[in-house]
$ cat structure18.cif   # mmCIF, C-alpha atoms
data_structure
loop_
_atom_site.label_atom_id
_atom_site.label_comp_id
_atom_site.auth_asym_id
_atom_site.auth_seq_id
_atom_site.Cartn_x
_atom_site.Cartn_y
_atom_site.Cartn_z
CA MET S 1 -23.27 -2.17 -3.75
CA THR S 2 -26.57 -0.33 -3.81
CA SER S 3 -25.47 3.24 -4.48
CA LYS S 4 -25.00 4.81 -7.87
CA LEU S 5 -21.84 6.59 -8.84
CA SER S 6 -22.56 9.61 -10.95
CA ASN S 7 -20.43 9.46 -14.11
CA CYS S 8 -18.21 6.86 -12.46
CA TYR S 9 -17.46 5.05 -15.68
CA THR S 10 -17.18 8.18 -17.81
CA PRO S 11 -13.42 8.64 -18.33
CA LEU S 12 -12.01 12.11 -18.01
CA PRO S 13 -11.15 13.68 -21.37
CA PRO S 14 -7.42 13.85 -22.15
CA SER S 15 -6.01 17.21 -21.17
CA LYS S 16 -3.80 18.95 -23.74
CA LYS S 17 -2.60 21.45 -21.18
CA TYR S 18 -3.17 22.26 -17.54
CA GLU S 19 -5.78 24.97 -17.13
CA ILE S 20 -7.35 27.04 -14.37
CA ASN S 21 -11.00 27.69 -15.09
CA ARG S 22 -12.05 29.86 -12.16
CA THR S 23 -13.75 33.20 -11.59
CA ASN S 24 -12.91 35.62 -8.81
CA GLU S 25 -16.14 35.52 -6.85
CA GLU S 26 -16.97 35.17 -3.17
CA TYR S 27 -17.21 31.81 -1.45
CA SER S 28 -20.73 30.43 -1.78
CA THR S 29 -22.63 27.38 -0.55
CA SER S 30 -25.96 28.14 -2.19
CA GLY S 31 -27.71 25.15 -3.68
CA ALA S 32 -26.35 22.58 -1.24
CA ASP S 33 -28.83 19.84 -0.36
CA SER S 34 -28.87 16.69 1.77
CA SER S 35 -26.53 14.70 -0.45
CA SER S 36 -24.62 17.09 -2.62
CA SER S 37 -23.04 20.50 -2.69
CA THR S 38 -23.93 22.04 -6.01
CA VAL S 39 -21.96 25.22 -5.56
CA SER S 40 -20.15 25.47 -8.84
CA SER S 41 -20.51 25.01 -12.56
CA ASP S 42 -17.75 24.29 -15.06
CA ALA S 43 -16.26 27.70 -14.21
CA ARG S 44 -16.04 27.79 -10.43
CA SER S 45 -15.19 30.75 -8.28
CA TYR S 46 -11.90 30.70 -6.38
CA ARG S 47 -13.76 29.65 -3.22
CA ALA S 48 -16.37 27.30 -4.66
CA LEU S 49 -16.30 23.61 -3.80
CA ARG S 50 -16.77 20.97 -6.43
CA GLN S 51 -20.07 19.14 -6.65
CA ALA S 52 -20.09 16.67 -3.76
CA HIS S 53 -22.09 13.52 -3.10
CA PHE S 54 -21.95 11.41 0.09
CA THR S 55 -23.67 8.06 0.72
CA VAL S 56 -23.39 5.50 3.54
CA SER S 57 -24.24 1.78 3.85
CA CYS S 58 -23.04 0.99 0.35
CA PHE S 59 -21.82 -2.57 1.08
CA SER S 60 -23.88 -5.25 2.77
CA ASN S 61 -20.83 -7.32 3.76
CA ALA S 62 -19.11 -4.51 5.71
CA THR S 63 -19.83 -3.29 9.23
CA GLY S 64 -19.99 0.24 7.82
CA SER S 65 -19.34 1.76 4.42
CA SER S 66 -19.50 4.98 2.47
CA LEU S 67 -19.16 6.51 -0.97
CA VAL S 68 -17.70 9.98 -1.46
CA GLU S 69 -17.57 11.92 -4.71
CA LEU S 70 -15.84 15.29 -5.03
CA GLY S 71 -16.24 16.25 -8.64
CA HIS S 72 -14.48 13.52 -10.63
CA THR S 73 -12.65 12.21 -7.55
CA LYS S 74 -14.48 9.14 -6.27
CA VAL S 75 -13.66 6.85 -3.34
CA VAL S 76 -15.41 4.09 -1.42
CA CYS S 77 -14.67 3.02 2.14
CA ALA S 78 -15.44 -0.18 4.03
CA VAL S 79 -15.05 -0.55 7.80
CA ASN S 80 -14.89 -4.01 9.36
CA GLY S 81 -14.83 -4.66 13.08
CA PRO S 82 -14.15 -4.39 15.85
CA HIS S 83 -13.07 -8.00 15.44
CA ALA S 84 -10.59 -10.18 17.30
CA ALA S 85 -7.03 -9.61 16.16
CA ALA S 86 -6.64 -13.34 15.57
CA SER S 87 -9.55 -13.35 13.10
CA GLY S 88 -7.44 -11.73 10.39
CA GLY S 89 -8.05 -8.46 8.59
CA MET S 90 -5.68 -6.17 6.78
CA GLY S 91 -2.69 -6.86 8.99
CA ARG S 92 0.24 -8.70 7.51
CA GLY S 93 2.95 -10.56 9.37
CA PRO S 94 2.87 -12.12 12.86
CA LEU S 95 0.12 -11.19 15.28
CA GLU S 96 1.13 -8.84 18.08
CA PHE S 97 -0.48 -8.51 21.49
CA HIS S 98 -1.92 -5.09 22.25
CA SER S 99 -3.88 -4.21 25.35
CA GLU S 100 -6.02 -1.60 23.61
CA GLY S 101 -7.85 -1.64 20.31
CA LYS S 102 -5.95 -1.12 17.08
CA LEU S 103 -7.01 0.99 14.11
CA ASN S 104 -5.77 -0.22 10.74
CA CYS S 105 -6.07 2.09 7.74
CA GLN S 106 -5.35 1.17 4.15
CA VAL S 107 -5.74 3.25 0.98
CA SER S 108 -5.68 1.48 -2.39
CA LEU S 109 -5.04 3.44 -5.57
CA PRO S 110 -6.70 2.50 -8.87
CA PRO S 111 -4.81 0.59 -11.58
CA THR S 112 -4.84 3.68 -13.83
CA ILE S 113 -2.60 5.52 -11.36
CA THR S 114 -0.34 2.49 -11.09
CA GLN S 115 0.01 2.37 -14.86
CA GLY S 116 0.70 6.10 -15.01
CA ILE S 117 3.55 5.76 -12.53
CA MET S 118 5.06 2.87 -14.48
CA ASN S 119 4.79 4.78 -17.75
CA ALA S 120 6.66 7.65 -16.15
CA GLY S 121 9.61 5.33 -15.65
CA SER S 122 9.15 4.57 -11.95
CA SER S 123 9.01 1.12 -10.41
CA THR S 124 5.92 -0.35 -8.80
CA ASN S 125 7.47 0.53 -5.43
CA ALA S 126 6.59 4.17 -6.12
CA ASN S 127 2.90 3.32 -6.09
CA GLN S 128 3.30 1.25 -2.92
CA ILE S 129 5.01 4.19 -1.23
CA ASP S 130 2.17 6.50 -2.25
CA GLU S 131 -0.40 4.07 -0.83
CA ALA S 132 1.59 3.66 2.39
CA GLU S 133 1.88 7.43 2.84
CA LEU S 134 -1.82 7.98 2.16
CA SER S 135 -2.72 5.20 4.60
CA LEU S 136 -0.55 6.74 7.32
CA ASN S 137 -1.97 10.23 6.73
CA LEU S 138 -5.52 8.86 6.83
CA LYS S 139 -4.88 7.17 10.16
CA ASP S 140 -3.33 10.36 11.57
CA ALA S 141 -6.43 12.32 10.55
CA ILE S 142 -9.15 10.04 11.95
CA TYR S 143 -7.41 8.39 14.92
CA ALA S 144 -8.22 11.18 17.38
CA SER S 145 -11.95 10.91 16.65
CA VAL S 146 -12.28 7.29 17.79
CA LEU S 147 -13.19 7.15 21.48
CA ASP S 148 -11.74 4.75 24.03
CA LEU S 149 -9.85 2.22 21.96
CA GLU S 150 -9.16 0.62 25.35
CA LYS S 151 -12.72 -0.72 25.20
CA PHE S 152 -11.72 -2.83 22.18
CA SER S 153 -8.93 -4.71 23.94
CA LYS S 154 -7.21 -7.24 21.66
CA SER S 155 -9.51 -6.11 18.83
CA VAL S 156 -8.93 -4.46 15.49
CA ILE S 157 -10.95 -1.98 13.41
CA ASP S 158 -10.08 -2.14 9.71
CA VAL S 159 -10.66 0.91 7.51
CA HIS S 160 -10.13 0.26 3.81
CA VAL S 161 -10.46 3.08 1.29
CA ARG S 162 -10.32 2.35 -2.42
CA VAL S 163 -9.80 5.22 -4.83
CA LEU S 164 -11.94 4.68 -7.93
CA GLN S 165 -10.96 7.85 -9.76
CA ASP S 166 -8.51 10.63 -8.96
CA ASP S 167 -8.96 14.21 -10.09
CA GLY S 168 -7.29 15.80 -7.08
CA GLY S 169 -8.04 15.70 -3.37
CA ILE S 170 -7.98 11.93 -2.79
CA LEU S 171 -6.76 12.32 0.82
CA VAL S 172 -9.61 14.75 1.55
CA ALA S 173 -12.13 12.33 0.05
CA ALA S 174 -10.57 9.40 1.93
CA ILE S 175 -10.79 11.20 5.29
CA ILE S 176 -14.44 12.11 4.76
CA ALA S 177 -15.28 8.59 3.55
CA ALA S 178 -13.53 6.94 6.50
CA SER S 179 -15.25 9.15 9.06
CA LEU S 180 -18.67 8.50 7.51
CA ALA S 181 -18.02 4.75 7.36
CA LEU S 182 -16.93 4.65 11.02
CA ALA S 183 -20.17 6.41 11.98
CA ASP S 184 -22.15 4.01 9.80
CA ALA S 185 -20.42 1.07 11.52
CA GLY S 186 -21.53 2.35 14.92
CA VAL S 187 -17.97 2.92 16.14
CA GLU S 188 -18.13 5.41 18.99
CA CYS S 189 -16.53 8.67 17.88
CA CYS S 190 -16.32 12.01 19.62
CA ASP S 191 -17.00 13.87 16.34
CA LEU S 192 -16.96 13.51 12.58
CA VAL S 193 -13.72 14.44 10.84
CA SER S 194 -14.11 16.68 7.81
CA ALA S 195 -11.35 17.80 5.48
CA CYS S 196 -10.58 20.31 2.76
CA SER S 197 -7.61 21.38 0.67
CA VAL S 198 -6.45 24.60 -0.94
CA CYS S 199 -4.01 25.10 -3.80
CA VAL S 200 -2.02 28.33 -4.17
CA VAL S 201 -1.52 29.31 -7.80
CA PRO S 202 -0.50 32.41 -9.79
CA SER S 203 -3.60 34.49 -10.50
CA PRO S 204 -4.84 34.03 -14.08
CA ALA S 205 -6.27 37.55 -13.94
CA ASN S 206 -2.94 39.23 -13.09
CA ASN S 207 -0.55 37.42 -15.44
CA GLY S 208 0.75 35.40 -12.52
CA ASP S 209 1.96 38.46 -10.57
CA LYS S 210 -0.32 37.65 -7.62
CA LEU S 211 -0.96 34.40 -5.79
CA VAL S 212 -4.53 33.26 -5.17
CA CYS S 213 -6.04 30.40 -3.16
CA LEU S 214 -8.22 27.86 -4.96
CA VAL S 215 -10.35 25.73 -2.64
CA ASP S 216 -10.94 22.04 -3.44
CA PRO S 217 -8.57 22.02 -6.45
CA THR S 218 -8.62 19.60 -9.36
CA GLU S 219 -5.55 17.69 -10.52
CA ASP S 220 -4.90 20.30 -13.24
CA GLU S 221 -4.90 23.11 -10.67
CA ILE S 222 -2.63 21.17 -8.33
CA GLU S 223 -0.09 20.64 -11.12
CA LEU S 224 0.04 24.41 -11.68
CA GLY S 225 0.20 25.27 -7.99
CA GLN S 226 3.12 26.65 -6.01
CA GLY S 227 1.75 25.30 -2.74
CA TYR S 228 -0.87 22.93 -1.42
CA VAL S 229 -2.48 22.91 2.03
CA THR S 230 -4.70 20.19 3.52
CA VAL S 231 -6.55 20.48 6.83
CA ALA S 232 -8.73 17.94 8.64
CA LEU S 233 -10.63 18.86 11.77
CA MET S 234 -13.42 17.94 14.15
CA PRO S 235 -15.60 21.08 13.94
CA ASN S 236 -17.65 20.54 17.11
CA ARG S 237 -14.52 20.07 19.20
CA LYS S 238 -12.66 22.78 17.27
CA GLU S 239 -9.70 20.44 17.04
CA VAL S 240 -7.40 20.07 14.04
CA THR S 241 -6.50 16.41 13.54
CA TYR S 242 -4.31 16.78 10.45
CA TRP S 243 -2.45 19.58 8.73
CA ASP S 244 -0.04 19.35 5.84
CA GLN S 245 1.63 21.83 3.52
CA ALA S 246 3.55 21.19 0.32
CA GLY S 247 5.60 23.97 -1.24
CA ARG S 248 7.22 27.10 0.19
CA LEU S 249 4.68 29.84 0.89
CA GLN S 250 4.77 33.19 2.64
CA SER S 251 3.18 33.21 6.09
CA GLY S 252 0.37 35.51 4.95
CA ILE S 253 -0.79 33.32 2.06
CA THR S 254 -0.38 30.20 4.25
CA ALA S 255 -2.66 31.71 6.92
CA GLU S 256 -5.20 32.61 4.24
CA ALA S 257 -5.10 29.08 2.82
CA ILE S 258 -5.60 27.53 6.26
CA GLY S 259 -8.55 29.84 6.93
CA ILE S 260 -10.19 28.86 3.64
CA CYS S 261 -9.57 25.18 4.44
CA ARG S 262 -11.36 25.61 7.76
CA GLU S 263 -14.34 27.20 6.00
CA GLY S 264 -14.42 24.31 3.55
CA CYS S 265 -14.22 21.79 6.40
CA HIS S 266 -17.27 23.31 8.06
CA THR S 267 -19.22 23.10 4.79
CA MET S 268 -18.19 19.46 4.29
CA TYR S 269 -19.16 18.76 7.90
CA LYS S 270 -22.69 20.04 7.32
CA LEU S 271 -23.06 17.78 4.28
CA MET S 272 -21.67 14.79 6.22
CA ARG S 273 -24.17 15.30 9.06
CA GLN S 274 -27.02 15.72 6.60
CA CYS S 275 -25.99 12.51 4.83
CA LEU S 276 -26.11 10.53 8.08
CA LYS S 277 -29.38 12.16 9.10
CA THR S 278 -31.01 11.35 5.76
CA HIS S 279 -29.83 7.73 5.99
CA SER S 280 -31.09 7.41 9.57
CA GLU S 281 -34.51 8.75 8.58
CA SER S 282 -34.69 6.30 5.67
CA LEU S 283 -34.33 3.39 8.10
CA GLN S 284 -37.29 4.45 10.24
#

$ encode --input "structure18.cif" --output "structure tokens"
Amino acid sequence: MTSKLSNCYTPLPPSKKYEINRTNEEYSTSGADSSSSTVSSDARSYRALRQAHFTVSCFSNATGSSLVELGHTKVVCAVNGPHAAASGGMGRGPLEFHSEGKLNCQVSLPPTITQGIMNAGSSTNANQIDEAELSLNLKDAIYASVLDLEKFSKSVIDVHVRVLQDDGGILVAAIIAASLALADAGVECCDLVSACSVCVVPSPANNGDKLVCLVDPTEDEIELGQGYVTVALMPNRKEVTYWDQAGRLQSGITAEAIGICREGCHTMYKLMRQCLKTHSESLQ
């Protein structure tokens, strides 16, 4: 691996209580550059994204790869293929014939999350279920972007995302990482898939009497939230590939959260394109 992870091995400080450290300011993308979105400090505005960093071609032994950091959430993705289904890969069990290409997606959670689940009194199956659900959601989000799987008859494309550190938004980071890695692998796609999430929490400024939307929330903010919305889309095609909502929310606040997610997706999309452009120029 040739890329550097900023603060990757700096453990998060133990949290004594869940906190919301935000200010009520307008959404801003000032300060974004080719590889990162420096749009917030320790005290972010309600509509400020975390510091983001995207890199591609991280692994020499993968067809395509990427590294995505959203604040303290860090994931890496490796894409292998297309390769013949009989050559192995992530599939388990007997080989099945399929006339068109197959897209396999797998998300692996870090051991720290596994240990946390076990300490909470759950079995290891709980972690496996989480990984299976994340893998299925990732496939749902990126599948529509891959063009003409019929061209890869009897072939498989493996997408493996490993979560290195989780501070909220691991599905968003996984979607972005997978889309970048597919592009880096040269897999023909109709568009990049960007993603963003919003957490709905009681407003700290109004003693919880009003609900506010926090874009790109941390784990602390998610724990305090009454609802959580995730959107993935292909901005050029104006097509939503994934939408999910957790929690019961009024239609008005849900519409606001979706709108903020779309804005965040467009910002992430710009950074993804700039990342690929910078990498392409470095190869010339």

$ atom_distance --input "structure18.cif" --atom1 "CA of Ala255 in chain S" --atom2 "CA of Pro217 in chain S"
17.5 Å

$ residues_around --input "structure18.cif" --residues "Ser108 in chain S" --least-positions-apart "5" --cutoff "10 Å" --atoms "only C-alpha atoms" --output "ChimeraX atom specification"
/S:75,127-128,130-132,134-135,160-164

$ residues_around --input "structure18.cif" --residues "Leu214 in chain S" --least-positions-apart "4" --cutoff "10 Å" --atoms "only C-alpha atoms" --output "count of residues only"
23

$ resolve_selection --input "structure18.cif" --expression "the PyMOL selection byres ((chain S and resi 188) around 9)" --output "MDAnalysis selection string"
chainID S and resid 145:148 182:183 185:187 189:191

$ atom_distance --input "structure18.cif" --atom1 "CA of Ala178 in chain S" --atom2 "CA of Asp216 in chain S"
18.3 Å
